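Participant: input39.cif is reproduced in full below (mmCIF, N, CA and C atoms and all ligand atoms).
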```cif
data_work
#
loop_
_atom_site.group_PDB
_atom_site.id
_atom_site.type_symbol
_atom_site.label_atom_id
_atom_site.label_comp_id
_atom_site.auth_asym_id
_atom_site.auth_seq_id
_atom_site.Cartn_x
_atom_site.Cartn_y
_atom_site.Cartn_z
ATOM 1 N N MET A 1 0.841 -1.202 0.000
ATOM 2 C CA MET A 1 0.000 0.000 0.000
ATOM 3 C C MET A 1 0.871 1.245 0.000
ATOM 4 N N ALA A 2 0.499 2.211 -0.795
ATOM 5 C CA ALA A 2 1.278 3.451 -0.877
ATOM 6 C C ALA A 2 1.067 4.292 0.387
ATOM 7 N N THR A 3 2.156 4.859 0.861
ATOM 8 C CA THR A 3 2.102 5.700 2.054
ATOM 9 C C THR A 3 2.306 7.156 1.665
ATOM 10 N N PRO A 4 1.326 8.026 1.944
ATOM 11 C CA PRO A 4 1.507 9.464 1.635
ATOM 12 C C PRO A 4 2.790 9.999 2.273
ATOM 13 N N GLY A 5 3.536 10.802 1.513
ATOM 14 C CA GLY A 5 4.769 11.367 2.038
ATOM 15 C C GLY A 5 5.947 10.419 1.938
ATOM 16 N N ARG A 6 5.720 9.205 1.416
ATOM 17 C CA ARG A 6 6.809 8.234 1.294
ATOM 18 C C ARG A 6 6.919 7.670 -0.119
ATOM 19 N N ASN A 7 5.826 7.146 -0.647
ATOM 20 C CA ASN A 7 5.942 6.448 -1.928
ATOM 21 C C ASN A 7 4.682 6.518 -2.801
ATOM 22 N N THR A 8 3.841 7.498 -2.591
ATOM 23 C CA THR A 8 2.704 7.655 -3.497
ATOM 24 C C THR A 8 3.177 8.334 -4.785
ATOM 25 N N LYS A 9 2.345 8.262 -5.824
ATOM 26 C CA LYS A 9 2.677 8.931 -7.080
ATOM 27 C C LYS A 9 2.800 10.436 -6.851
ATOM 28 N N ALA A 10 1.882 10.989 -6.063
ATOM 29 C CA ALA A 10 1.922 12.426 -5.781
ATOM 30 C C ALA A 10 3.243 12.809 -5.120
ATOM 31 N N TRP A 11 3.697 11.993 -4.168
ATOM 32 C CA TRP A 11 4.955 12.265 -3.466
ATOM 33 C C TRP A 11 6.132 12.247 -4.422
ATOM 34 N N ARG A 12 6.161 11.231 -5.300
ATOM 35 C CA ARG A 12 7.286 11.127 -6.243
ATOM 36 C C ARG A 12 7.322 12.331 -7.171
ATOM 37 N N MET A 13 6.151 12.819 -7.558
ATOM 38 C CA MET A 13 6.121 13.987 -8.447
ATOM 39 C C MET A 13 6.593 15.246 -7.724
ATOM 40 N N ILE A 14 6.239 15.362 -6.442
ATOM 41 C CA ILE A 14 6.702 16.511 -5.651
ATOM 42 C C ILE A 14 8.222 16.513 -5.576
ATOM 43 N N VAL A 15 8.797 15.352 -5.234
ATOM 44 C CA VAL A 15 10.252 15.267 -5.069
ATOM 45 C C VAL A 15 10.964 15.478 -6.400
ATOM 46 N N ALA A 16 10.407 14.916 -7.474
ATOM 47 C CA ALA A 16 11.013 15.106 -8.799
ATOM 48 C C ALA A 16 11.037 16.588 -9.156
ATOM 49 N N GLY A 17 9.962 17.298 -8.819
ATOM 50 C CA GLY A 17 9.913 18.733 -9.088
ATOM 51 C C GLY A 17 10.939 19.494 -8.265
ATOM 52 N N LEU A 18 11.073 19.128 -6.987
ATOM 53 C CA LEU A 18 12.033 19.799 -6.114
ATOM 54 C C LEU A 18 13.456 19.611 -6.631
ATOM 55 N N ARG A 19 13.745 18.398 -7.119
ATOM 56 C CA ARG A 19 15.093 18.116 -7.616
ATOM 57 C C ARG A 19 15.449 19.045 -8.767
ATOM 58 N N GLN A 20 14.431 19.478 -9.540
ATOM 59 C CA GLN A 20 14.701 20.328 -10.700
ATOM 60 C C GLN A 20 14.732 21.805 -10.334
ATOM 61 N N THR A 21 14.079 22.187 -9.247
ATOM 62 C CA THR A 21 13.941 23.619 -8.966
ATOM 63 C C THR A 21 14.768 24.097 -7.775
ATOM 64 N N GLU A 22 14.991 23.234 -6.776
ATOM 65 C CA GLU A 22 15.676 23.672 -5.563
ATOM 66 C C GLU A 22 17.180 23.497 -5.692
ATOM 67 N N THR A 23 17.941 24.416 -5.141
ATOM 68 C CA THR A 23 19.398 24.354 -5.260
ATOM 69 C C THR A 23 20.086 24.144 -3.915
ATOM 70 N N HIS A 24 19.367 24.429 -2.815
ATOM 71 C CA HIS A 24 19.992 24.303 -1.498
ATOM 72 C C HIS A 24 19.071 23.566 -0.528
ATOM 73 N N CYS A 25 19.666 22.859 0.386
ATOM 74 C CA CYS A 25 18.945 22.128 1.419
ATOM 75 C C CYS A 25 18.333 23.120 2.416
ATOM 76 N N TRP A 26 17.046 22.970 2.693
ATOM 77 C CA TRP A 26 16.391 23.945 3.580
ATOM 78 C C TRP A 26 16.775 23.707 5.032
ATOM 79 N N ARG A 27 17.343 22.543 5.342
ATOM 80 C CA ARG A 27 17.717 22.263 6.726
ATOM 81 C C ARG A 27 19.113 22.775 7.073
ATOM 82 N N CYS A 28 20.104 22.420 6.237
ATOM 83 C CA CYS A 28 21.479 22.791 6.580
ATOM 84 C C CYS A 28 21.994 23.946 5.725
ATOM 85 N N GLY A 29 21.280 24.308 4.636
ATOM 86 C CA GLY A 29 21.676 25.441 3.826
ATOM 87 C C GLY A 29 22.792 25.147 2.839
ATOM 88 N N GLU A 30 23.297 23.907 2.835
ATOM 89 C CA GLU A 30 24.363 23.544 1.901
ATOM 90 C C GLU A 30 23.758 23.254 0.522
ATOM 91 N N PRO A 31 24.577 23.377 -0.539
ATOM 92 C CA PRO A 31 24.070 23.108 -1.895
ATOM 93 C C PRO A 31 23.601 21.658 -2.047
ATOM 94 N N LEU A 32 22.550 21.481 -2.837
ATOM 95 C CA LEU A 32 22.091 20.129 -3.162
ATOM 96 C C LEU A 32 22.934 19.582 -4.316
ATOM 97 N N ARG A 33 22.983 18.279 -4.410
ATOM 98 C CA ARG A 33 23.816 17.626 -5.420
ATOM 99 C C ARG A 33 22.954 16.744 -6.310
ATOM 100 N N PRO A 34 22.414 17.337 -7.391
ATOM 101 C CA PRO A 34 21.529 16.555 -8.276
ATOM 102 C C PRO A 34 22.247 15.401 -8.955
ATOM 103 N N ASP A 35 23.571 15.420 -8.944
ATOM 104 C CA ASP A 35 24.324 14.348 -9.602
ATOM 105 C C ASP A 35 24.392 13.097 -8.730
ATOM 106 N N LEU A 36 24.050 13.218 -7.458
ATOM 107 C CA LEU A 36 24.126 12.070 -6.553
ATOM 108 C C LEU A 36 22.759 11.408 -6.427
ATOM 109 N N LYS A 37 22.777 10.090 -6.340
ATOM 110 C CA LYS A 37 21.524 9.340 -6.284
ATOM 111 C C LYS A 37 21.369 8.634 -4.934
ATOM 112 N N PHE A 38 20.114 8.411 -4.552
ATOM 113 C CA PHE A 38 19.812 7.595 -3.385
ATOM 114 C C PHE A 38 20.558 6.271 -3.483
ATOM 115 N N PRO A 39 21.177 5.733 -2.429
ATOM 116 C CA PRO A 39 21.102 6.191 -1.035
ATOM 117 C C PRO A 39 22.299 7.028 -0.579
ATOM 118 N N HIS A 40 22.910 7.781 -1.507
ATOM 119 C CA HIS A 40 24.023 8.638 -1.086
ATOM 120 C C HIS A 40 23.505 9.652 -0.059
ATOM 121 N N PRO A 41 24.274 9.874 1.028
ATOM 122 C CA PRO A 41 23.808 10.780 2.098
ATOM 123 C C PRO A 41 23.540 12.196 1.610
ATOM 124 N N LEU A 42 24.205 12.612 0.515
ATOM 125 C CA LEU A 42 24.018 13.976 0.017
ATOM 126 C C LEU A 42 23.080 14.029 -1.185
ATOM 127 N N SER A 43 22.422 12.932 -1.503
ATOM 128 C CA SER A 43 21.414 12.959 -2.564
ATOM 129 C C SER A 43 20.196 13.739 -2.065
ATOM 130 N N THR A 44 19.346 14.155 -3.001
ATOM 131 C CA THR A 44 18.217 15.018 -2.656
ATOM 132 C C THR A 44 16.962 14.202 -2.390
ATOM 133 N N THR A 45 16.281 14.535 -1.307
ATOM 134 C CA THR A 45 14.986 13.932 -1.036
ATOM 135 C C THR A 45 14.034 15.034 -0.596
ATOM 136 N N GLY A 46 12.796 14.666 -0.310
ATOM 137 C CA GLY A 46 11.838 15.656 0.158
ATOM 138 C C GLY A 46 11.701 15.569 1.674
ATOM 139 N N GLY A 47 11.667 16.711 2.309
ATOM 140 C CA GLY A 47 11.468 16.751 3.752
ATOM 141 C C GLY A 47 10.196 17.511 4.091
ATOM 142 N N HIS A 48 9.487 17.046 5.089
ATOM 143 C CA HIS A 48 8.239 17.694 5.478
ATOM 144 C C HIS A 48 8.493 18.815 6.472
ATOM 145 N N ILE A 49 7.919 19.971 6.216
ATOM 146 C CA ILE A 49 8.041 21.091 7.155
ATOM 147 C C ILE A 49 7.302 20.728 8.440
ATOM 148 N N ILE A 50 6.059 20.286 8.292
ATOM 149 C CA ILE A 50 5.317 19.720 9.414
ATOM 150 C C ILE A 50 5.367 18.204 9.257
ATOM 151 N N ALA A 51 5.918 17.512 10.236
ATOM 152 C CA ALA A 51 6.165 16.076 10.127
ATOM 153 C C ALA A 51 4.881 15.299 9.849
ATOM 154 N N ILE A 52 5.050 14.170 9.140
ATOM 155 C CA ILE A 52 3.900 13.331 8.785
ATOM 156 C C ILE A 52 3.127 12.928 10.037
ATOM 157 N N GLU A 53 3.851 12.592 11.087
ATOM 158 C CA GLU A 53 3.163 12.127 12.297
ATOM 159 C C GLU A 53 2.353 13.235 12.964
ATOM 160 N N ASP A 54 2.750 14.482 12.713
ATOM 161 C CA ASP A 54 2.008 15.609 13.286
ATOM 162 C C ASP A 54 0.830 16.019 12.408
ATOM 163 N N ALA A 55 0.967 15.836 11.089
ATOM 164 C CA ALA A 55 -0.086 16.259 10.160
ATOM 165 C C ALA A 55 -0.116 15.322 8.956
ATOM 166 N N PRO A 56 -0.644 14.115 9.131
ATOM 167 C CA PRO A 56 -0.664 13.125 8.030
ATOM 168 C C PRO A 56 -1.377 13.642 6.794
ATOM 169 N N GLU A 57 -2.356 14.531 6.978
ATOM 170 C CA GLU A 57 -3.114 15.032 5.830
ATOM 171 C C GLU A 57 -2.282 15.965 4.955
ATOM 172 N N LEU A 58 -1.127 16.413 5.458
ATOM 173 C CA LEU A 58 -0.258 17.310 4.681
ATOM 174 C C LEU A 58 0.918 16.566 4.039
ATOM 175 N N ALA A 59 0.918 15.234 4.151
ATOM 176 C CA ALA A 59 2.077 14.457 3.700
ATOM 177 C C ALA A 59 2.369 14.644 2.218
ATOM 178 N N ASP A 60 1.325 14.741 1.396
ATOM 179 C CA ASP A 60 1.514 14.866 -0.047
ATOM 180 C C ASP A 60 1.154 16.249 -0.562
ATOM 181 N N VAL A 61 1.206 17.244 0.303
ATOM 182 C CA VAL A 61 0.895 18.616 -0.101
ATOM 183 C C VAL A 61 2.208 19.338 -0.422
ATOM 184 N N PRO A 62 2.368 19.782 -1.677
ATOM 185 C CA PRO A 62 3.656 20.370 -2.100
ATOM 186 C C PRO A 62 4.139 21.510 -1.208
ATOM 187 N N SER A 63 3.224 22.337 -0.703
ATOM 188 C CA SER A 63 3.656 23.480 0.102
ATOM 189 C C SER A 63 4.218 23.052 1.453
ATOM 190 N N ASN A 64 4.043 21.786 1.817
ATOM 191 C CA ASN A 64 4.585 21.288 3.080
ATOM 192 C C ASN A 64 5.889 20.519 2.874
ATOM 193 N N VAL A 65 6.422 20.559 1.652
ATOM 194 C CA VAL A 65 7.612 19.770 1.337
ATOM 195 C C VAL A 65 8.734 20.672 0.849
ATOM 196 N N ARG A 66 9.950 20.455 1.361
ATOM 197 C CA ARG A 66 11.128 21.172 0.905
ATOM 198 C C ARG A 66 12.201 20.168 0.496
ATOM 199 N N ALA A 67 13.111 20.606 -0.373
ATOM 200 C CA ALA A 67 14.212 19.738 -0.776
ATOM 201 C C ALA A 67 15.274 19.729 0.313
ATOM 202 N N GLU A 68 15.788 18.555 0.610
ATOM 203 C CA GLU A 68 16.859 18.455 1.601
ATOM 204 C C GLU A 68 17.710 17.239 1.308
ATOM 205 N N HIS A 69 18.916 17.214 1.928
ATOM 206 C CA HIS A 69 19.795 16.063 1.784
ATOM 207 C C HIS A 69 19.180 14.847 2.475
ATOM 208 N N LEU A 70 19.486 13.691 1.939
ATOM 209 C CA LEU A 70 19.036 12.470 2.588
ATOM 210 C C LEU A 70 19.570 12.393 4.022
ATOM 211 N N ARG A 71 20.835 12.830 4.219
ATOM 212 C CA ARG A 71 21.414 12.766 5.568
ATOM 213 C C ARG A 71 20.668 13.697 6.533
ATOM 214 N N CYS A 72 20.223 14.850 6.027
ATOM 215 C CA CYS A 72 19.499 15.781 6.886
ATOM 216 C C CYS A 72 18.118 15.222 7.209
ATOM 217 N N ASN A 73 17.489 14.577 6.220
ATOM 218 C CA ASN A 73 16.197 13.937 6.414
ATOM 219 C C ASN A 73 16.325 12.837 7.460
ATOM 220 N N SER A 74 17.375 12.021 7.343
ATOM 221 C CA SER A 74 17.578 10.919 8.282
ATOM 222 C C SER A 74 17.884 11.436 9.682
ATOM 223 N N ALA A 75 18.667 12.505 9.752
ATOM 224 C CA ALA A 75 19.029 13.061 11.056
ATOM 225 C C ALA A 75 17.787 13.529 11.795
ATOM 226 N N ASP A 76 16.860 14.131 11.065
ATOM 227 C CA ASP A 76 15.630 14.599 11.700
ATOM 228 C C ASP A 76 14.831 13.416 12.220
ATOM 229 N N GLY A 77 14.709 12.370 11.420
ATOM 230 C CA GLY A 77 13.956 11.196 11.853
ATOM 231 C C GLY A 77 14.569 10.550 13.082
ATOM 232 N N ALA A 78 15.906 10.436 13.088
ATOM 233 C CA ALA A 78 16.585 9.824 14.228
ATOM 234 C C ALA A 78 16.397 10.672 15.473
ATOM 235 N N HIS A 79 16.416 11.990 15.301
ATOM 236 C CA HIS A 79 16.234 12.891 16.420
ATOM 237 C C HIS A 79 14.864 12.649 17.064
ATOM 238 N N ARG A 80 13.826 12.570 16.218
ATOM 239 C CA ARG A 80 12.488 12.338 16.748
ATOM 240 C C ARG A 80 12.386 10.979 17.432
ATOM 241 N N THR A 81 13.003 9.963 16.826
ATOM 242 C CA THR A 81 12.940 8.628 17.403
ATOM 243 C C THR A 81 13.608 8.608 18.773
ATOM 244 N N ASN A 82 14.747 9.281 18.882
ATOM 245 C CA ASN A 82 15.442 9.311 20.167
ATOM 246 C C ASN A 82 14.600 10.006 21.236
ATOM 247 N N LEU A 83 13.928 11.080 20.848
ATOM 248 C CA LEU A 83 13.083 11.785 21.805
ATOM 249 C C LEU A 83 11.941 10.879 22.256
ATOM 250 N N LYS A 84 11.380 10.138 21.294
ATOM 251 C CA LYS A 84 10.271 9.249 21.637
ATOM 252 C C LYS A 84 10.713 8.181 22.627
ATOM 253 N N ARG A 85 11.918 7.656 22.413
ATOM 254 C CA ARG A 85 12.429 6.626 23.305
ATOM 255 C C ARG A 85 12.484 7.134 24.742
ATOM 256 N N ARG A 86 12.735 8.433 24.876
ATOM 257 C CA ARG A 86 12.801 9.006 26.220
ATOM 258 C C ARG A 86 11.439 9.507 26.667
ATOM 259 N N GLY A 87 10.405 9.250 25.866
ATOM 260 C CA GLY A 87 9.062 9.657 26.256
ATOM 261 C C GLY A 87 8.823 11.133 26.078
ATOM 262 N N GLN A 88 9.568 11.752 25.141
ATOM 263 C CA GLN A 88 9.409 13.178 24.914
ATOM 264 C C GLN A 88 9.077 13.423 23.457
ATOM 265 N N THR A 89 8.516 14.553 23.137
ATOM 266 C CA THR A 89 8.219 14.886 21.747
ATOM 267 C C THR A 89 9.137 15.972 21.229
ATOM 268 N N GLY A 90 9.901 16.605 22.120
ATOM 269 C CA GLY A 90 10.753 17.705 21.696
ATOM 270 C C GLY A 90 10.195 19.016 22.210
ATOM 271 N N ARG A 91 8.857 19.103 22.261
ATOM 272 C CA ARG A 91 8.263 20.361 22.729
ATOM 273 C C ARG A 91 8.492 20.539 24.230
ATOM 274 N N GLU A 92 8.499 19.431 24.959
ATOM 275 C CA GLU A 92 8.724 19.517 26.401
ATOM 276 C C GLU A 92 10.086 20.135 26.709
ATOM 277 N N LEU A 93 11.037 19.885 25.806
ATOM 278 C CA LEU A 93 12.375 20.401 26.058
ATOM 279 C C LEU A 93 12.358 21.924 26.133
ATOM 280 N N VAL A 94 11.414 22.527 25.444
ATOM 281 C CA VAL A 94 11.338 23.983 25.426
ATOM 282 C C VAL A 94 10.420 24.496 26.536
ATOM 283 N N THR A 95 9.331 23.763 26.798
ATOM 284 C CA THR A 95 8.303 24.314 27.660
ATOM 285 C C THR A 95 8.353 23.816 29.109
ATOM 286 N N SER A 96 9.118 22.733 29.376
ATOM 287 C CA SER A 96 9.069 22.193 30.731
ATOM 288 C C SER A 96 9.767 23.133 31.723
ATOM 289 N N PRO A 97 9.262 23.208 32.962
ATOM 290 C CA PRO A 97 9.880 24.091 33.952
ATOM 291 C C PRO A 97 11.259 23.566 34.361
ATOM 292 N N ASP A 98 12.053 24.399 34.935
ATOM 293 C CA ASP A 98 13.391 24.007 35.380
ATOM 294 C C ASP A 98 13.295 22.890 36.407
ATOM 295 N N TRP A 99 14.295 22.009 36.378
ATOM 296 C CA TRP A 99 14.364 20.964 37.387
ATOM 297 C C TRP A 99 14.775 21.610 38.719
ATOM 298 N N THR A 100 14.006 21.352 39.749
ATOM 299 C CA THR A 100 14.372 21.924 41.051
ATOM 300 C C THR A 100 14.312 20.864 42.133
HETATM 301 ZN ZN ZN E 201 21.243 19.361 4.227
#
```
Could you take the file, read its structure, and then write that structure out as structure tokens?
Ligand SMILES: [Zn+2]
Facilitator:
Amino acid sequence: MATPGRNTKAWRMIVAGLRQTETHCWRCGEPLRPDLKFPHPLSTTGGHIIAIEDAPELADVPSNVRAEHLRCNSADGAHRTNLKRRGQTGRELVTSPDWT
């Protein structure tokens, strides 16, 4: 089954378009490398501004997708996974009161 934001036809078309129009990674600001292909860490993929888990209905919406390096995409996913393992979402890190 196709997963929005991962492997639907709409998603592939969004990423293909980004590869042709975007020149820099929106996460790290470094130049994108259209000559490199998946699974090279510096190949171009699509990254969600609002994560799929936070807004599944925006997974295949072009305005919610930016071009980024595969390594930057993976780093974001790993970051979220690590926070989940500790029972946090990331927002608590900003809003929780000081430990006293
Ligand atoms: Zn990057």
Participant: Show me, as a PyMOL selection string, the residues that have an atom within 5 Å of segment 39-44 of chain A when counting only N, CA and C atoms, minus same-chain residues fewer than 5 positions from it.
Facilitator: chain A and resi 68-71
Participant: Using only C-alpha atoms and all ligand atoms, what are the residues with an atom within 7 Å of ligand ZN 201 (chain E), set out as a PyMOL selection string?
Facilitator: chain A and resi 25-30+68-69+71-72
Participant: Determine, counting all atoms listed in the file, which protein, DNA and RNA residues have an atom within 6.5 Å of an atom of Asp60 of chain A; residues of the same chain fewer than 6 positions away are not included. Present the result as a PyMOL selection string.
Facilitator: chain A and resi 4-5+10-11
Participant: Find the residues near Val15 of chain A: any atom within 7 Å, counting only N, CA and C atoms, skip ones fewer than 5 places away on the same chain, and give them as a ChimeraX atom specification.
Facilitator: /A:10,20,45-46
Participant: One decimal, Å: what's the distance from atom N of Ala51 of chain A over to atom C of Asn64 of chain A, could you say?
Facilitator: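 So the answer is 8.0 Å.
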Participant: List every residue of segment 12-97 of chain A that DSSP, applied to the backbone, labels as alpha helix (DSSP H), and write the result as a PyMOL selection string.
Facilitator: chain A and resi 12-21+70-85+91-95
Participant: In Å, with one decimal, what is the gap from atom N of Asp54 of chain A to atom N of Glu22 of chain A?
Facilitator: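 Answer for the atom N of Asp54 of chain A to atom N of Glu22 of chain A separation: 24.6 Å.
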Participant: Rounded to one decimal in Å, what is the spacing between atom CA of Gly47 of chain A and atom CA of Asp76 of chain A?
Facilitator: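 Going from atom CA of Gly47 of chain A over to atom CA of Asp76 of chain A covers 9.2 Å.
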Participant: Taking only C-alpha atoms into account, which of A:Arg33, A:Arg12, A:Arg19, A:Lys84 comes nearest Val61 of chain A?
Facilitator: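 Between A:Arg33, A:Arg12, A:Arg19, A:Lys84, the residue approaching Val61 of chain A most closely is A:Arg12.
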Participant: Can you tell me, as a PyMOL selection string, what residues are no more than 12 Å from Thr21 of chain A when counting only C-alpha atoms, ignoring any on the same chain fewer than 2 positions away?
Facilitator: chain A and resi 14-19+23-25+32+34+44+66-67
Participant: Could you please take those selected residues and save N, CA and C atoms as a tab-separated table (two decimals), keeping the file's coordinate frame?
Facilitator:
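Generated output (selection.tsv):
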```tsv
chain	number	residue	atom	x	y	z
A	14	ILE	N	6.24	15.36	-6.44
A	14	ILE	CA	6.70	16.51	-5.65
A	14	ILE	C	8.22	16.51	-5.58
A	15	VAL	N	8.80	15.35	-5.23
A	15	VAL	CA	10.25	15.27	-5.07
A	15	VAL	C	10.96	15.48	-6.40
A	16	ALA	N	10.41	14.92	-7.47
A	16	ALA	CA	11.01	15.11	-8.80
A	16	ALA	C	11.04	16.59	-9.16
A	17	GLY	N	9.96	17.30	-8.82
A	17	GLY	CA	9.91	18.73	-9.09
A	17	GLY	C	10.94	19.49	-8.26
A	18	LEU	N	11.07	19.13	-6.99
A	18	LEU	CA	12.03	19.80	-6.11
A	18	LEU	C	13.46	19.61	-6.63
A	19	ARG	N	13.74	18.40	-7.12
A	19	ARG	CA	15.09	18.12	-7.62
A	19	ARG	C	15.45	19.05	-8.77
A	23	THR	N	17.94	24.42	-5.14
A	23	THR	CA	19.40	24.35	-5.26
A	23	THR	C	20.09	24.14	-3.92
A	24	HIS	N	19.37	24.43	-2.82
A	24	HIS	CA	19.99	24.30	-1.50
A	24	HIS	C	19.07	23.57	-0.53
A	25	CYS	N	19.67	22.86	0.39
A	25	CYS	CA	18.94	22.13	1.42
A	25	CYS	C	18.33	23.12	2.42
A	32	LEU	N	22.55	21.48	-2.84
A	32	LEU	CA	22.09	20.13	-3.16
A	32	LEU	C	22.93	19.58	-4.32
A	34	PRO	N	22.41	17.34	-7.39
A	34	PRO	CA	21.53	16.56	-8.28
A	34	PRO	C	22.25	15.40	-8.96
A	44	THR	N	19.35	14.16	-3.00
A	44	THR	CA	18.22	15.02	-2.66
A	44	THR	C	16.96	14.20	-2.39
A	66	ARG	N	9.95	20.45	1.36
A	66	ARG	CA	11.13	21.17	0.90
A	66	ARG	C	12.20	20.17	0.50
A	67	ALA	N	13.11	20.61	-0.37
A	67	ALA	CA	14.21	19.74	-0.78
A	67	ALA	C	15.27	19.73	0.31
```
Participant: Can you pull out every residue from chain A that DSSP, working from the backbone, puts in strand (DSSP E or B), and format the result as number ranges by chain?
Facilitator: A: 24, 31, 44-48, 65-69
Participant: For N, CA and C atoms, I'd like the residues from the last selection saved as a short mmCIF file (atom, residue, chain, number, x, y, z; two decimals), in the frame of the given file.
Facilitator:
```
data_model
loop_
_atom_site.label_atom_id
_atom_site.label_comp_id
_atom_site.auth_asym_id
_atom_site.auth_seq_id
_atom_site.Cartn_x
_atom_site.Cartn_y
_atom_site.Cartn_z
N HIS A 24 19.37 24.43 -2.82
CA HIS A 24 19.99 24.30 -1.50
C HIS A 24 19.07 23.57 -0.53
N PRO A 31 24.58 23.38 -0.54
CA PRO A 31 24.07 23.11 -1.90
C PRO A 31 23.60 21.66 -2.05
N THR A 44 19.35 14.16 -3.00
CA THR A 44 18.22 15.02 -2.66
C THR A 44 16.96 14.20 -2.39
N THR A 45 16.28 14.54 -1.31
CA THR A 45 14.99 13.93 -1.04
C THR A 45 14.03 15.03 -0.60
N GLY A 46 12.80 14.67 -0.31
CA GLY A 46 11.84 15.66 0.16
C GLY A 46 11.70 15.57 1.67
N GLY A 47 11.67 16.71 2.31
CA GLY A 47 11.47 16.75 3.75
C GLY A 47 10.20 17.51 4.09
N HIS A 48 9.49 17.05 5.09
CA HIS A 48 8.24 17.69 5.48
C HIS A 48 8.49 18.82 6.47
N VAL A 65 6.42 20.56 1.65
CA VAL A 65 7.61 19.77 1.34
C VAL A 65 8.73 20.67 0.85
N ARG A 66 9.95 20.45 1.36
CA ARG A 66 11.13 21.17 0.90
C ARG A 66 12.20 20.17 0.50
N ALA A 67 13.11 20.61 -0.37
CA ALA A 67 14.21 19.74 -0.78
C ALA A 67 15.27 19.73 0.31
N GLU A 68 15.79 18.56 0.61
CA GLU A 68 16.86 18.45 1.60
C GLU A 68 17.71 17.24 1.31
N HIS A 69 18.92 17.21 1.93
CA HIS A 69 19.80 16.06 1.78
C HIS A 69 19.18 14.85 2.48
#
```
